[in-house]
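Peer 1: One file: final-v4.txt (compact mmCIF, C-alpha atoms).
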# COMPACT_ATOMS: atom_id res chain seq x y z
CA MET N 1 45.32 63.37 -51.37
CA PRO N 2 44.11 66.68 -49.91
CA GLU N 3 43.66 69.77 -52.07
CA LEU N 4 45.71 72.87 -51.33
CA ILE N 5 42.66 75.11 -51.07
CA ASP N 6 41.11 72.79 -48.47
CA LEU N 7 44.25 72.95 -46.33
CA ILE N 8 44.31 76.75 -46.60
CA ASN N 9 40.64 77.01 -45.66
CA ALA N 10 41.10 74.59 -42.76
CA HIS N 11 43.94 76.71 -41.40
CA ARG N 12 41.97 79.92 -41.78
CA ALA N 13 39.00 78.38 -40.01
CA ALA N 14 41.09 77.04 -37.10
CA VAL N 15 40.44 78.92 -33.88
CA SER N 16 42.23 77.13 -31.06
CA THR N 17 46.02 77.21 -30.79
CA LYS N 18 46.14 73.44 -31.19
CA ALA N 19 43.99 73.49 -34.33
CA ARG N 20 46.04 76.33 -35.81
CA GLU N 21 49.24 74.39 -35.20
CA GLU N 22 47.86 71.14 -36.66
CA THR N 23 46.47 72.80 -39.78
CA LEU N 24 49.64 74.82 -40.27
CA VAL N 25 51.83 71.71 -40.10
CA ALA N 26 49.53 69.96 -42.62
CA LEU N 27 49.69 72.96 -44.97
CA PHE N 28 53.47 73.36 -44.74
CA ASP N 29 54.07 69.60 -45.15
CA PHE N 30 51.89 69.62 -48.26
CA LEU N 31 53.69 72.59 -49.87
CA ASN N 32 57.20 71.59 -48.77
CA PRO N 33 58.28 69.00 -51.42
CA ASP N 34 57.10 71.01 -54.43
CA LEU N 35 58.63 74.25 -53.20
CA TYR N 36 61.91 72.58 -52.26
CA LEU N 37 62.20 70.91 -55.70
CA PHE N 38 61.27 74.20 -57.37
CA PHE N 39 64.24 75.90 -55.67
CA LEU N 40 66.56 72.92 -56.04
CA ARG N 41 66.34 73.30 -59.83
CA LYS N 42 67.88 76.76 -59.47
CA VAL N 43 70.13 76.87 -56.40
CA PRO N 44 72.30 74.55 -54.26
CA ASP N 45 70.65 72.29 -51.69
CA GLN N 46 71.20 74.45 -48.60
CA ASP N 47 69.92 77.59 -50.34
CA ALA N 48 66.93 75.60 -51.62
CA GLN N 49 66.10 74.59 -48.05
CA ASP N 50 66.43 78.16 -46.77
CA LEU N 51 64.37 79.63 -49.61
CA ARG N 52 61.73 76.95 -49.08
CA SER N 53 61.50 77.89 -45.39
CA THR N 54 61.28 81.66 -45.91
CA THR N 55 58.73 81.15 -48.70
CA LEU N 56 56.54 79.08 -46.39
CA LEU N 57 56.66 81.87 -43.81
CA ASP N 58 55.74 84.48 -46.43
CA ILE N 59 52.87 82.30 -47.67
CA HIS N 60 51.61 82.02 -44.10
CA LYS N 61 51.88 85.78 -43.58
CA GLY N 62 50.06 86.48 -46.83
CA LEU N 63 47.19 84.05 -46.25
CA LYS N 64 44.99 86.70 -44.66
CA ASN N 65 45.03 88.64 -47.95
CA PHE N 66 44.72 85.63 -50.27
CA LYS N 67 41.42 85.83 -52.15
CA GLY N 68 41.56 82.69 -54.33
CA ASP N 69 38.90 80.03 -54.11
CA ASN N 70 40.51 77.04 -55.81
CA SER N 71 43.73 75.05 -55.67
CA GLN N 72 45.07 76.16 -59.04
CA VAL N 73 44.88 79.83 -58.07
CA ALA N 74 46.40 78.94 -54.69
CA TRP N 75 49.34 77.13 -56.31
CA GLU N 76 49.94 80.04 -58.71
CA TRP N 77 49.88 82.44 -55.77
CA CYS N 78 52.39 80.30 -53.83
CA TYR N 79 54.71 80.06 -56.85
CA THR N 80 54.49 83.84 -57.36
CA ILE N 81 55.83 84.25 -53.82
CA ALA N 82 58.49 81.58 -54.50
CA ARG N 83 59.64 83.28 -57.73
CA ARG N 84 59.93 86.63 -55.93
CA LYS N 85 62.02 84.98 -53.23
CA LEU N 86 64.26 83.46 -55.88
CA ALA N 87 64.65 86.76 -57.73
CA ALA N 88 65.58 88.51 -54.47
CA HIS N 89 68.06 85.71 -53.72
CA PHE N 90 69.76 86.08 -57.12
CA GLU N 91 69.79 89.86 -56.78
CA LYS N 92 71.47 89.60 -53.37
CA LYS N 93 74.02 87.13 -54.67
CA GLY N 94 74.57 89.18 -57.82
CA THR N 95 74.00 86.21 -60.08
CA SER N 96 71.25 84.36 -61.86
CA VAL N 97 73.34 81.39 -62.91
CA THR N 98 71.32 78.23 -62.62
CA LYS N 99 73.14 75.32 -61.07
CA ALA N 100 72.53 71.79 -62.29
CA VAL N 101 70.97 69.58 -59.65
CA ASP N 102 73.53 67.31 -58.04
CA PRO N 103 72.93 63.76 -59.40
CA GLU N 104 73.90 62.24 -56.03
CA LEU N 105 71.27 64.33 -54.27
CA LEU N 106 68.62 63.21 -56.77
CA GLU N 107 69.55 59.62 -56.08
CA GLU N 108 69.44 60.27 -52.32
CA LEU N 109 65.95 61.80 -52.60
CA ALA N 110 64.69 58.92 -54.74
CA SER N 111 66.14 56.39 -52.27
CA ALA N 112 64.63 58.23 -49.31
CA SER N 113 61.18 57.77 -50.83
CA LEU N 114 61.57 54.02 -50.21
CA GLN N 115 61.20 54.66 -46.47
CA THR N 116 57.55 55.56 -46.98
CA LYS N 117 56.84 53.87 -50.31
CA PRO N 118 58.82 50.75 -51.23
CA PHE N 119 59.12 49.79 -54.89
CA GLU N 120 56.11 47.78 -56.01
CA ASN N 121 58.36 45.45 -58.04
CA ALA N 122 61.82 45.14 -59.57
CA ALA N 123 60.67 46.83 -62.79
CA GLU N 124 59.73 50.00 -60.89
CA LYS N 125 63.21 50.22 -59.44
CA ILE N 126 64.70 49.98 -62.96
CA ASP N 127 62.25 52.61 -64.23
CA VAL N 128 63.31 55.08 -61.56
CA GLN N 129 66.99 54.41 -62.25
CA GLU N 130 66.43 54.98 -65.96
CA ALA N 131 64.56 58.21 -65.30
CA LEU N 132 67.49 59.40 -63.17
CA ALA N 133 69.85 58.51 -66.02
CA ILE N 134 67.68 60.43 -68.50
CA LEU N 135 67.87 63.55 -66.34
CA ASN N 136 71.54 63.21 -65.52
CA LYS N 137 72.59 62.70 -69.14
CA SER N 138 70.46 65.54 -70.51
CA ASP N 139 72.04 68.79 -71.64
CA PRO N 140 71.01 71.88 -69.62
CA ASP N 141 68.19 72.88 -72.01
CA CYS N 142 66.70 69.40 -72.03
CA PHE N 143 67.17 69.06 -68.27
CA GLU N 144 65.14 72.24 -67.79
CA VAL N 145 62.15 71.21 -69.90
CA LEU N 146 62.12 67.62 -68.63
CA TRP N 147 62.31 68.81 -65.02
CA GLU N 148 59.58 71.42 -65.43
CA ARG N 149 57.30 69.01 -67.28
CA PHE N 150 57.74 65.83 -65.26
CA ILE N 151 59.14 66.81 -61.87
CA SER N 152 57.37 70.16 -61.41
CA GLY N 153 54.36 68.84 -63.32
CA LEU N 154 53.79 71.84 -65.61
CA GLY N 155 51.34 71.42 -68.48
CA TYR N 156 52.65 71.98 -72.03
CA ARG N 157 50.96 75.41 -72.17
CA GLU N 158 52.56 76.57 -68.91
CA LEU N 159 55.89 75.08 -69.95
CA GLY N 160 55.70 76.81 -73.33
CA SER N 161 55.01 80.19 -71.79
CA LYS N 162 57.87 79.66 -69.37
CA ILE N 163 60.41 78.94 -72.11
CA GLY N 164 58.93 81.39 -74.63
CA LYS N 165 57.39 78.79 -76.98
CA THR N 166 53.96 77.51 -77.91
CA ALA N 167 52.53 74.45 -76.20
CA ASP N 168 53.13 72.39 -79.36
CA ALA N 169 56.73 73.56 -79.61
CA ALA N 170 57.27 72.64 -75.95
CA ARG N 171 55.80 69.20 -76.60
CA MET N 172 58.12 68.72 -79.58
CA GLN N 173 61.13 69.82 -77.56
CA ILE N 174 60.31 67.20 -74.91
CA SER N 175 60.06 64.54 -77.65
CA ARG N 176 63.41 65.60 -79.12
CA CYS N 177 65.10 65.54 -75.73
CA ILE N 178 63.88 62.01 -75.06
CA GLU N 179 64.97 60.92 -78.54
CA ILE N 180 68.45 62.38 -78.01
CA ILE N 181 68.91 60.70 -74.67
CA LYS N 182 67.56 57.23 -75.57
CA PRO N 183 70.72 55.94 -77.35
CA LEU N 184 72.83 57.07 -74.38
CA LEU N 185 70.89 54.91 -71.97
CA GLY N 186 72.29 51.70 -73.43
CA MET O 1 53.35 59.00 -79.92
CA PRO O 2 55.73 56.00 -79.99
CA ASP O 3 55.30 53.49 -77.14
CA GLU O 4 58.93 53.77 -76.07
CA GLN O 5 58.68 57.54 -75.67
CA LYS O 6 55.50 57.29 -73.65
CA SER O 7 57.33 54.88 -71.42
CA ALA O 8 60.17 57.36 -70.87
CA GLU O 9 57.62 60.01 -69.92
CA GLU O 10 55.98 57.65 -67.47
CA LYS O 11 59.34 56.87 -65.92
CA LEU O 12 60.11 60.57 -65.47
CA ARG O 13 56.69 61.15 -63.93
CA LEU O 14 57.32 58.26 -61.57
CA LEU O 15 60.66 59.79 -60.63
CA GLY O 16 58.89 63.08 -59.89
CA GLU O 17 56.65 61.30 -57.38
CA ARG O 18 59.69 59.61 -55.83
CA LEU O 19 61.59 62.89 -55.51
CA ARG O 20 58.62 64.56 -53.82
CA ALA O 21 58.25 61.66 -51.38
CA GLY O 22 62.01 61.72 -50.72
CA ALA O 23 62.02 65.49 -50.18
CA ALA O 24 59.20 65.14 -47.65
CA LYS O 25 61.26 62.51 -45.83
CA ILE O 26 64.77 63.99 -45.78
CA ARG O 27 64.02 67.70 -46.21
CA PRO O 28 61.10 68.19 -43.80
CA VAL O 29 59.98 71.65 -42.71
CA PRO O 30 62.20 72.56 -39.72
CA ASN O 31 60.41 72.92 -36.37
CA GLN O 32 61.65 76.46 -35.95
CA VAL O 33 59.83 77.47 -39.15
CA ILE O 34 56.57 76.13 -37.71
CA GLU O 35 57.29 77.83 -34.40
CA GLN O 36 58.11 81.11 -36.10
CA ALA O 37 54.88 81.03 -38.09
CA LEU O 38 52.84 80.28 -34.97
CA LYS O 39 54.65 82.75 -32.73
CA PRO O 40 52.39 85.81 -33.04
CA VAL O 41 49.32 83.64 -32.37
CA GLN O 42 50.91 82.00 -29.34
CA ASP O 43 52.08 85.36 -27.99
CA LEU O 44 48.55 86.74 -28.19
CA ALA O 45 47.17 83.58 -26.61
CA GLN O 46 49.62 83.85 -23.71
CA ASP O 47 48.99 87.55 -23.20
CA PRO O 48 45.27 88.19 -23.52
CA THR O 49 45.70 91.76 -22.24
CA GLN O 50 47.65 92.72 -25.35
CA LYS O 51 45.64 95.30 -27.26
CA SER O 52 45.66 96.16 -30.91
CA GLY O 53 47.66 99.15 -32.13
CA ARG O 54 44.49 101.16 -32.67
CA LEU O 55 43.42 100.74 -29.04
CA LYS O 56 46.87 101.65 -27.79
CA ARG O 57 46.89 104.85 -29.87
CA ARG O 58 43.42 105.71 -28.61
CA ARG O 59 44.56 105.23 -25.03
CA ARG O 60 47.57 107.47 -25.51
CA ARG O 61 45.39 110.22 -26.96
CA GLY O 62 42.86 109.83 -24.17
CA PRO O 63 39.10 109.53 -24.49
CA SER O 64 37.43 111.41 -27.33
CA ARG O 65 35.27 114.26 -26.36
Go ahead and express the file in the form of structure tokens.
Peer 2:
Amino acid sequence: MPELIDLINAHRAAVSTKAREETLVALFDFLNPDLYLFFLRKVPDQDAQDLRSTTLLDIHKGLKNFKGDNSQVAWEWCYTIARRKLAAHFEKKGTSVTKAVDPELLEELASASLQTKPFENAAEKIDVQEALAILNKSDPDCFEVLWERFISGLGYRELGSKIGKTADAARMQISRCIEIIKPLLG
Amino acid sequence: MPDEQKSAEEKLRLLGERLRAGAAKIRPVPNQVIEQALKPVQDLAQDPTQKSGRLKRRRRRGPSR
């Protein structure tokens, strides 16, 4: 798995048109799923795709001024651009209402992954279906923390600062959400 | 942490990986986004006579004395 900073440096170092194109495609393909899922948590599918695309273009434009030297800083910088895009989108639409992610779309995305990565065994298929059920049966608050923690991959500290809690409180909220949902899974 | 809960966390993490792989497959970056990002570079490559703004301004003003 490549590191974001390596892809950025490779693109910056590329001189020929062909090399610039190849490194750009690699960089955009790497950023694409995370950015798309980041937006999908907040806006409908089509808007998420559009915001993903315009964010990629802004990231590319801003690369010449990017001073970071590691992947963590690079990801934070990319998400800063993504959050600004999202804020501008909500301002334009005159709303900041967060839409729940369509369960059918989640299922479609999970199924599409089978084209490149088939289930290793029957148990893995059941695990993914159960995880989908956990998300789909969660209330909006639980959906948010579970998504940010496990789909976006935020650490407890980052998650806590995002929802205005300590890392420990965020961890406890995750535990509570899973406890609440367990009896509903049958 | 109870075993069952850890298992639920693992399942959600697994789903995250699946959703990313699925997004890469059915929501790829459109070609026109790649083309748009590469456009200024390609334009310069196709037109090597294109000068920077500073040179153009200098030309308009004429040579410095």
Peer 1: Output as CSV one row per residue of chain O within 6 Å of chain N: the closest atom pair and its distance in Å to one decimal place, counting only C-alpha atoms, sorted by chain and residue number ascending.
Peer 2:
residue,atom,partner,partner_atom,distance
O:Lys11,CA,N:Ala131,CA,5.4
O:Leu12,CA,N:Ala131,CA,5.0
O:Arg13,CA,N:Phe150,CA,5.0
O:Leu15,CA,N:Val128,CA,5.5
O:Gly16,CA,N:Ile151,CA,4.2
O:Arg18,CA,N:Ala110,CA,5.2
O:Leu19,CA,N:Ala110,CA,5.1
O:Arg20,CA,N:Pro33,CA,5.1
O:Ala21,CA,N:Ser113,CA,4.9
O:Gly22,CA,N:Ser113,CA,4.0
O:Ala23,CA,N:Pro33,CA,5.3
O:Ala24,CA,N:Pro33,CA,5.5
Peer 1: Might you pull out every residue within 10 Å of Asp6 (chain N), with all atoms listed in the file counted and same-chain residues fewer than 5 positions away left off, and present them as a list in words?
Peer 2: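 Non-adjacent residues within range: His11, Arg12, Leu27, Asp69, Asn70 and Ser71 of chain N.
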Peer 1: Can you work out the spacing between CA of Ala13 (chain N) and CA of Ala26 (chain N) in Å, to one decimal?
Peer 2: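 Computed distance, CA of Ala13 (chain N) to CA of Ala26 (chain N), equals 13.7 Å.
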Peer 1: Between CA of Glu104 (chain N) and CA of Phe90 (chain N), what is the distance, to one decimal in Å?
Peer 2: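 Atom-to-atom, CA of Glu104 (chain N) to CA of Phe90 (chain N), that is 24.2 Å.
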Peer 1: Just checking: using only C-alpha atoms, which residue out of N:Cys142, N:Ala123, N:Ala74, N:Ala82 ends up closest to Ile163 (chain N)?
Peer 2: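 Using only C-alpha atoms, Ile163 (chain N) sits closest to N:Cys142.
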Peer 1: By how many Å are CA of Pro103 (chain N) and CA of Glu120 (chain N) apart?
Peer 2: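 Distance reported for this atom pair: 23.4 Å.
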Peer 1: Show me, as lines of an AutoDock Vina configuration file, the centre and edge lengths in Å to one decimal of the axis-aligned box that covers every listed atom of region 177-182 of chain N with 8 Å on each side.
Peer 2:
center_x = 66.4
center_y = 61.4
center_z = -76.6
size_x = 21.0
size_y = 24.3
size_z = 19.9
